[in-house]
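The structure appears below as structure tokens.
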Amino acid sequence: MGAAFGLLLVLGSIVIGAHGFLAFFSLEGLLIVVGGVMAVAFMSFQASDVHEALVAISTMLKDSPTTYEDLRGDMMNIMKWARLVKERGMRELEASIGKNWIDDDFVRYGLNMVVSEYTPEEVRSMMETAADACYERDSVPVDILQTMASHAPAFGMVGTLVGMVTMLCHLDGDTSNIGSNLAVAFLATLYGVVSARMVYMPAASKLRQKVEKGRFRNQLITEGLVMLVNNKSPMYVQDRLNSFLRPENHDYYNVFGKPAQIYKELRHAA
Amino acid sequence: MGAAFGLLLVLGSIVIGAHGFLAFFSLEGLLIVVGGVMAVAFMSFQASDVHEALVAISTMLKDSPTTYEDLRGDMMNIMKWARLVKERGMRELEASIGKNWIDDDFVRYGLNMVVSEYTPEEVRSMMETAADACYERDSVPVDILQTMASHAPAFGMVGTLVGMVTMLCHLDGDTSNIGSNLAVAFLATLYGVVSARMVYMPAASKLRQKVEKGRFRNQLITEGLVMLVNNKSPMYVQDRLNSFLRPENHDYYNVFGKPAQIYKELRHAA
Amino acid sequence: MGAAFGLLLVLGSIVIGAHGFLAFFSLEGLLIVVGGVMAVAFMSFQASDVHEALVAISTMLKDSPTTYEDLRGDMMNIMKWARLVKERGMRELEASIGKNWIDDDFVRYGLNMVVSEYTPEEVRSMMETAADACYERDSVPVDILQTMASHAPAFGMVGTLVGMVTMLCHLDGDTSNIGSNLAVAFLATLYGVVSARMVYMPAASKLRQKVEKGRFRNQLITEGLVMLVNNKSPMYVQDRLNSFLRPENHDYYNVFGKPAQIYKELRHAA
Amino acid sequence: MGAAFGLLLVLGSIVIGAHGFLAFFSLEGLLIVVGGVMAVAFMSFQASDVHEALVAISTMLKDSPTTYEDLRGDMMNIMKWARLVKERGMRELEASIGKNWIDDDFVRYGLNMVVSEYTPEEVRSMMETAADACYERDSVPVDILQTMASHAPAFGMVGTLVGMVTMLCHLDGDTSNIGSNLAVAFLATLYGVVSARMVYMPAASKLRQKVEKGRFRNQLITEGLVMLVNNKSPMYVQDRLNSFLRPENHDYYNVFGKPAQIYKELRHAA
Amino acid sequence: MGAAFGLLLVLGSIVIGAHGFLAFFSLEGLLIVVGGVMAVAFMSFQASDVHEALVAISTMLKDSPTTYEDLRGDMMNIMKWARLVKERGMRELEASIGKNWIDDDFVRYGLNMVVSEYTPEEVRSMMETAADACYERDSVPVDILQTMASHAPAFGMVGTLVGMVTMLCHLDGDTSNIGSNLAVAFLATLYGVVSARMVYMPAASKLRQKVEKGRFRNQLITEGLVMLVNNKSPMYVQDRLNSFLRPENHDYYNVFGKPAQIYKELRHAA
């Protein structure tokens with residue numbers, strides 16, 4: 001909504017100033033800026049990664065759900081498993097998970113390692129490597145979008161230079177249409193700057209936040225599953241996982257008064 | 001005051017040069033620069049974070065209190081608790097804190113972990129994770145302000161390009177008002193640079209310092225509470241916490257002469 | 001293909017705008033931009049490294065095979081060796097490898113260290129040093145290409161300045177060919193930007209990805225060979241190596257249902 | 001001297017070119033560039049830190065003494081203390097230092113910790129935290145000067161834009177004084193670039209070197225005092241501290257021939 | 001040779017375009033660009049370091065010998081010493097080195113520490129500190145050259161601004177020599193860009209590579225001498241040192257066939 005309002009201001013001011021948008025269209029400029037950025041992207045990266053980056057642009061405006069809710073769900077699951085392991089043993093956890101297929105690949109991989117009776121250090125190093133591999137792979141489209149954002153103004157400049165060279169070459173005495181030619185040449189620069197700032201950069205920023213949240217979540221899950229292997233008490237698991245949230249969102253059994261919400265829910269569910 | 005004086009110089013020099021401010025107002029330029037920056041901010045980040053960044057701009061000019069005083073208060077508290085634990089045991093600390101509600105979420109979380117009888121390593125890793133989560137979250141508005149500072153000149157350039165394209169398109173023989181049109185077009189660049197340098201950048205800088213101070217304080221508190229769990233002597237706690245201050249601000253019992261101020265205060269308070 | 005399409009857009013738009021490519025050729029500009037970049041590259045780096053970087057430009061457009069397949073082959077080999085060591089001992093591995101010459105220098109070095117009866121820590125530190133030395137050395141051509149990408153626009157500017165100074169010096173009254181002279185001067189800037197963005201940068205990006213993949217593979221091999229020395233079970237080796245893939249590509253014996261593809265293949269091959 | 005010669009070249013060339021300095025003075029430009037930079041500095045940082053940065057500018061030209069001599073003095077002291085501790089015990093060191101007040105806050109803090117009978121690890125962590133706190137605090141004025149260096153050209157551009165807008169607004173037919181107005185407008189850019197390059201940047205560089213040297217010295221002192229607690233032999237202390245110097249400045253008892261200078265001095269002094 | 005060819009292209013193209021070099025000489029521009037860069041360098045760094053950086057410029061074009069040969073020599077020495085220590089003990093090494101004075105300061109320091117009977121950890125930490133001190137000190141001239149490269153274009157701009165302000169101030173009706181004045185003004189920018197790109201940057205790059213190679217060599221020597229203290233077998237020393245080379249340059253006794261060249265040489269020499 002804030003974005004819509006801001007855009008409205010920009011467009012409105014252009015309409016006021018220029019009496020219409022028609023003067024702001026140049027097919028050549030558009031082709032050079034968009035075509036150049038696409039060409040370089042496909043030359044620099046694997047096609048499948050570029051496609052992923054382009055998809056990220058289209059989903060940019062949808063507001064991603066807040067982290068807190070997701071993390072809470074993951075925390076609830078880990079605490080349930082911790083209680084199960086503590087009370088009824090690792091085999092019971094294996095049986096319980098066998099019944100309910102887990103969608104998330106990372107969690108499923110982690111649980112497989114947990115029930116395979118590896119040591120906590122082994123499970124930790126395996127899950128950390130897997131989380132790193134995930135993160136490196138997910139970061140590629142972010143890099144692509146940032147590269148695109150840096151190429152767009154450069155190709156805007158290319159378009160303007162092409163326009164000016166063309167104009168200067170056909171300059172023969174009459175200077176009547178220098179103005180409009182120059183205007184058209186400047187449009188390429190405008191396209192380059194605007195596309196970089198209003199398309200590629202916001203998309204890169206949104207995607208980077210999503211990837212960082214994914215990494216944070218994987219850290220939490222790694223920490224949680226290693227605690228399962230260590231056979232820690234559900235209380236400790238809860239306290240440890242809470243540390244991943246900001247202190248004002250912590251939800252623990254406060255010995256100094258405030259009762260923990262999540263603990264009550266768990267007790268209820270049990 | 002220094003800031004006010006500097007601003008006075010800048011504005012004064014403009015008045016002297018231009019005989020008034022009226023020539024420096026352009027609605028279009030303002031709309032494009034402010035609207036563009038806002039639009040991109042809301043497109044790139046979650047709305048709540050952008051709001052926080054905007055609030056930071058408004059509180060920018062208030063001088064934050066110096067770190068030293070805050071840290072001293074925190075140090076006094078930790079030393080009191082250390083003495084309590086050493087002399088009368090952990091249960092007494094729990095009782096004492098139960099009576100006085102602690103406002104600070106981070107300290108309260110830490111004390112809960114301290115009295116939960118976890119090992120020092122467990123308390124340290126929990127508090128470090130919590131401090132990191134805090135810091136990552138608090139850094140987001142700083143990132144937003146820095147992004148805004150980088151977008152403002154770009155949208156200033158967009159405004160100038162829009163103005164020049166408009167002017168060049170309506171150029172028909174009479175060149176009498178090229179000058180004033182060009183002047184108006186340049187104003188957008190001026191707005192972009194000035195808003196970046198005098199609004200977004202100082203706000204980002206002030207906020208970053210505040211966030212860094214918060215992180216430093218959380219490190220001190222983490223170190224202090226872990227020493228409570230380790231049941232260290234109040235003397236050691238004092239010496240260790242002093243290391244977080246600059247040597248000239250240290251306040252310890254100097255065996256070579258100078259008596260420690262803070263130690264006397266504590267003795268007084270006890 | 002995406003790259004070809006993008007290039008087509010750019011070139012097409014130039015043809016539409018300028019009625020031909022002839023106006024876009026300037027020998028001087030080309031010599032300054034290409035010659036300057038080459039001169040600086042050879043002045044800044046060893047000739048053999050620059051040659052390697054130039055070769056990388058020519059192989060830029062070939063799509064490198066995906067990582068996943070390569071890693072799978074390496075994983076299969078390590079798992080075979082792990083089974084051999086576990087079932088028939090280290091001497092048998094030595095004999096088996098003695099028969100089949102291994103092409104890859106890094107793997108051969110690693111296996112030599114494995115059968116030399118060094119401790120796992122010794123093997124790890126040796127292989128990590130070797131992997132780092134590889135990576136440092138392979139990164140040099142990437143640095144060279146990035147340096148070239150930064151020099152090209154600068155020499156484009158040099159060419160334009162040379163053109164303008166020449167033009168301004170021979171300016172004697174008649175201004176009829178200022179336009180075409182200026183056009184030629186601008187071409188150098190155009191060459192600089194286009195060569196940086198469409199040649200040096202994509203080549204640097206492609207090469208960097210290749211080098212990073214090589215490093216990732218060497219990490220996987222290091223981890224795998226150290227497990228051979230540690231005499232780990234083939235099952236553990238498989239699970240550990242899987243962690244280097246993204247979770248959705250993992251191929252392990254899922255205790256919760258899905259059978260592992262790779263494990264079946266191995267059983268088949270055995 | 002080199003700096004004076006370089007400055008002479010620059011100023012001389014301006015005199016030759018412009019027949020005097022008068023043409024290069026513009027009150028407006030100066031006010032905008034200096035005032036703007038000051039205003040932003042006071043808006044971005046605490047006033048006391050900005051004052052410290054401004055003081056650093058004024059002391060910029062004084063050549064700081066070379067590191068080697070300072071470090072030698074500190075090394076001599078630590079070796080004296082090491083011999084004292086080894087030969088006559090920690091209490092004797094305490095007594096000896098009690099007689100001679102030590103000016104340096106960091107060394108005094110460290111010695112207090114040494115004689116407090118903490119473990120070497122405790123002393124190390126305390127001194128490292130103190131050194132870090134020192135360094136973080138000392139780096140603030142460097143940051144301020146670097147920020148100023150980045151703001152100066154921007155405000156130069158602001159001054160030029162203000163000058164051009166003013167000129168363009170009062171453009172009414174007669175173009176006789178466009179030239180001199182434009183010249184005045186350009187002066188602001190000149191002031192911005194020159195002040196950044198010849199004032200703020202060299203001051204930041206000098207100050208940064210000083211701060212880095214301070215950090216290096218504190219590392220050496222930390223290492224030395226921890227060796228006191230470890231009760232290491234004076235010979236080892238000497239060899240270890242030598243490692244902080246460059247090999248060609250090392251001054252140790254060379255078993256292969258060359259006698260150590262410093263060791264002889266010590267023997268002399270003893 | 002590649003550099004010479006590139007330079008030829010650039011200069012040739014200027015001759016073709018401008019019919020001679022005379023038009024490209026401007027004393028003022030040269031004085032401002034060279035004088036400004038020198039002045040700032042001497043203002044920002046200690047005079048001795050700046051001299052070292054200037055010397056590095058003059059030695060830039062000499063091709064440094066390849067690393068591989070140097071490292072091989074160092075490896076041979078370390079392996080000889082390792083064999084000596086293993087077969088005849090540390091005292092024999094001391095005697096043997098006492099006879100042949102070792103030129104290299106770092107190696108001599110390291111050997112002194114080796115024969116001083118310190119623990120491997122002590123020797124490692126001493127040599128690592130010495131290597132770091134070396135590296136920090138050697139990096140200063142690289143920093144200076146990079147700073148110069150960033151200052152040169154800025155002073156080019158200063159020269160152009162000075163030229164333009166001078167021209168605009170003396171603009172009185174006749175516009176006949178605007179062109180040549182402007183040409184002279186532009187030359188300063190040209191000098192700034194060309195000196196940065198063809199002098200300071202290549203020199204910085206060459207010097208940086210030399211410094212990095214020195215650091216790499218010091219790491220190898222540190223690792224090697226620590227192995228002497230650890231009394232490792234010559235075979236292990238050889239294998240460990242080989243890991244510092246790229247796998248295709250490794251020269252070890254390949255159990256799978258290829259005999260090691262270096263080992264044979266050693267046996268020969270023995």
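Identifiers in this document derive from the order of the structure tokens: chains are assigned A, B, ..., residues are numbered from 1 separately in each chain, and ligands are numbered from 1 in order of occurrence.
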Write out as a ChimeraX atom specification which residues come within 10 Å of Glu122 (chain E) when counting only C-alpha atoms, dropping same-chain ones fewer than 6 positions away. /D:236,240 /E:113-114,128,226
Next, dump the selected residues to file, keeping only N, CA, C and O atoms, as a short mmCIF file (atom, residue, chain, number, x, y, z; two decimals), in the first residue's frame.
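File result39.cif, as written:
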```cif
data_model
loop_
_atom_site.label_atom_id
_atom_site.label_comp_id
_atom_site.auth_asym_id
_atom_site.auth_seq_id
_atom_site.Cartn_x
_atom_site.Cartn_y
_atom_site.Cartn_z
N TYR D 236 62.32 -16.80 26.72
CA TYR D 236 61.14 -17.07 25.90
C TYR D 236 60.35 -15.79 25.66
O TYR D 236 59.87 -15.53 24.55
N ARG D 240 59.44 -14.46 22.04
CA ARG D 240 58.03 -14.32 21.66
C ARG D 240 57.71 -12.89 21.25
O ARG D 240 57.00 -12.65 20.27
N MET E 113 64.31 -20.46 16.63
CA MET E 113 63.25 -20.91 17.53
C MET E 113 63.20 -22.44 17.57
O MET E 113 62.97 -23.04 18.61
N VAL E 114 63.42 -23.08 16.41
CA VAL E 114 63.39 -24.54 16.34
C VAL E 114 64.44 -25.15 17.25
O VAL E 114 64.16 -26.07 18.02
N GLU E 128 53.88 -17.54 13.31
CA GLU E 128 52.68 -16.94 12.70
C GLU E 128 52.60 -15.46 12.98
O GLU E 128 52.22 -14.67 12.12
N VAL E 226 57.69 -26.18 11.95
CA VAL E 226 56.96 -26.80 13.06
C VAL E 226 57.07 -28.33 12.96
O VAL E 226 57.19 -29.02 13.98
#
```
Define the interface residues of chain E facing chain D as those within 7 Å, counting only C-alpha atoms, and report them as a ChimeraX atom specification. /E:28,31-32,35-36,38-40,42-45,98,105-106,109,112,126-127,129-130,133-134,158,161,165-166,168-169,171
Selection near Asn77 (chain D), 12 Å with only C-alpha atoms, sequence-local residues under 6 positions removed, as a PDB file with N, CA and C atoms, in the first residue's frame:
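Saved result, part_21.pdb, follows:
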```
ATOM      1  N   ASP D  70      58.809   2.773  19.838  1.00  0.00           N
ATOM      2  CA  ASP D  70      57.820   2.622  20.917  1.00  0.00           C
ATOM      3  C   ASP D  70      57.770   1.180  21.397  1.00  0.00           C
ATOM      4  N   LEU D  71      57.644   0.273  20.419  1.00  0.00           N
ATOM      5  CA  LEU D  71      57.488  -1.125  20.776  1.00  0.00           C
ATOM      6  C   LEU D  71      58.705  -1.604  21.566  1.00  0.00           C
ATOM      7  N   ARG D  83      61.766 -10.930  34.154  1.00  0.00           N
ATOM      8  CA  ARG D  83      62.935 -11.339  34.939  1.00  0.00           C
ATOM      9  C   ARG D  83      62.644 -11.197  36.436  1.00  0.00           C
ATOM     10  N   LEU D  84      61.981 -10.096  36.802  1.00  0.00           N
ATOM     11  CA  LEU D  84      61.648  -9.859  38.204  1.00  0.00           C
ATOM     12  C   LEU D  84      60.765 -10.979  38.746  1.00  0.00           C
ATOM     13  N   LEU D  93      57.155  -7.925  42.017  1.00  0.00           N
ATOM     14  CA  LEU D  93      56.702  -7.104  40.886  1.00  0.00           C
ATOM     15  C   LEU D  93      55.698  -6.084  41.378  1.00  0.00           C
ATOM     16  N   ILE D  97      56.232  -2.048  41.101  1.00  0.00           N
ATOM     17  CA  ILE D  97      55.360  -1.179  40.313  1.00  0.00           C
ATOM     18  C   ILE D  97      54.655  -0.173  41.210  1.00  0.00           C
ATOM     19  N   ILE D 102      52.588   4.063  36.800  1.00  0.00           N
ATOM     20  CA  ILE D 102      52.610   3.829  35.351  1.00  0.00           C
ATOM     21  C   ILE D 102      51.542   4.682  34.695  1.00  0.00           C
ATOM     22  N   VAL D 107      48.331  -0.508  30.221  1.00  0.00           N
ATOM     23  CA  VAL D 107      49.362  -1.295  30.900  1.00  0.00           C
ATOM     24  C   VAL D 107      49.037  -1.409  32.391  1.00  0.00           C
ATOM     25  N   LEU D 111      48.574  -4.826  34.413  1.00  0.00           N
ATOM     26  CA  LEU D 111      49.417  -5.231  35.545  1.00  0.00           C
ATOM     27  C   LEU D 111      48.574  -5.526  36.780  1.00  0.00           C
ATOM     28  N   LEU D 220      50.645  -6.769  21.581  1.00  0.00           N
ATOM     29  CA  LEU D 220      51.969  -7.130  22.089  1.00  0.00           C
ATOM     30  C   LEU D 220      51.964  -7.108  23.616  1.00  0.00           C
ATOM     31  N   ILE D 221      51.365  -6.061  24.204  1.00  0.00           N
ATOM     32  CA  ILE D 221      51.363  -5.956  25.669  1.00  0.00           C
ATOM     33  C   ILE D 221      50.536  -7.080  26.281  1.00  0.00           C
ATOM     34  N   GLY D 224      52.499 -10.153  26.181  1.00  0.00           N
ATOM     35  CA  GLY D 224      53.587 -10.082  27.148  1.00  0.00           C
ATOM     36  C   GLY D 224      53.114 -10.296  28.574  1.00  0.00           C
ATOM     37  N   LEU D 225      52.030  -9.634  28.957  1.00  0.00           N
ATOM     38  CA  LEU D 225      51.579  -9.756  30.345  1.00  0.00           C
ATOM     39  C   LEU D 225      51.037 -11.153  30.628  1.00  0.00           C
ATOM     40  N   LEU D 228      53.800 -13.161  31.643  1.00  0.00           N
ATOM     41  CA  LEU D 228      54.171 -12.932  33.051  1.00  0.00           C
ATOM     42  C   LEU D 228      53.376 -13.864  33.956  1.00  0.00           C
ATOM     43  N   PRO D 234      62.574 -15.357  30.892  1.00  0.00           N
ATOM     44  CA  PRO D 234      62.833 -14.098  30.172  1.00  0.00           C
ATOM     45  C   PRO D 234      63.284 -14.349  28.740  1.00  0.00           C
ATOM     46  N   VAL D 237      60.218 -14.983  26.707  1.00  0.00           N
ATOM     47  CA  VAL D 237      59.481 -13.721  26.571  1.00  0.00           C
ATOM     48  C   VAL D 237      60.115 -12.885  25.481  1.00  0.00           C
ATOM     49  N   GLN D 238      61.440 -12.814  25.503  1.00  0.00           N
ATOM     50  CA  GLN D 238      62.143 -12.034  24.491  1.00  0.00           C
ATOM     51  C   GLN D 238      61.882 -12.581  23.088  1.00  0.00           C
ATOM     52  N   LEU D 241      58.217 -11.922  22.016  1.00  0.00           N
ATOM     53  CA  LEU D 241      57.911 -10.526  21.705  1.00  0.00           C
ATOM     54  C   LEU D 241      58.596 -10.101  20.413  1.00  0.00           C
ATOM     55  N   ILE D 262      69.533  -6.131  22.272  1.00  0.00           N
ATOM     56  CA  ILE D 262      68.636  -5.819  23.389  1.00  0.00           C
ATOM     57  C   ILE D 262      69.036  -6.607  24.640  1.00  0.00           C
ATOM     58  N   LEU D 266      69.956  -5.125  28.335  1.00  0.00           N
ATOM     59  CA  LEU D 266      69.296  -5.570  29.563  1.00  0.00           C
ATOM     60  C   LEU D 266      70.322  -5.980  30.607  1.00  0.00           C
ATOM     61  N   ALA D 269      71.844  -2.983  31.983  1.00  0.00           N
ATOM     62  CA  ALA D 269      70.953  -2.254  32.892  1.00  0.00           C
ATOM     63  C   ALA D 269      70.813  -2.971  34.224  1.00  0.00           C
TER      64      ALA D 269
END
```
Hey, can you check how far CA of Pro153 (chain B) sits from CA of Pro153 (chain A)?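 The value is 13.6 Å.
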What lies within 7 Å of Leu30 (chain B) using only C-alpha atoms, ignoring chain neighbours under 3 positions off, as a list in words?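 Contacts, with the query itself left out: Ser26, Leu27, Val33, Val34, Ala188 and Tyr191 of chain B.
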Backbone-only DSSP, alpha helix (DSSP H) members of region 99-230 of chain B, as a PyMOL selection string: chain B and resi 99+105-115+120-169+178-195+201-229
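Across the structure, CA of Phe155 (chain D) and CA of Ser195 (chain E) are spaced 27.0 Å apart.
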Which value, in Å to one decimal, gives the distance between CA of Pro120 (chain B) and CA of Ala95 (chain B)? 20.7 Å
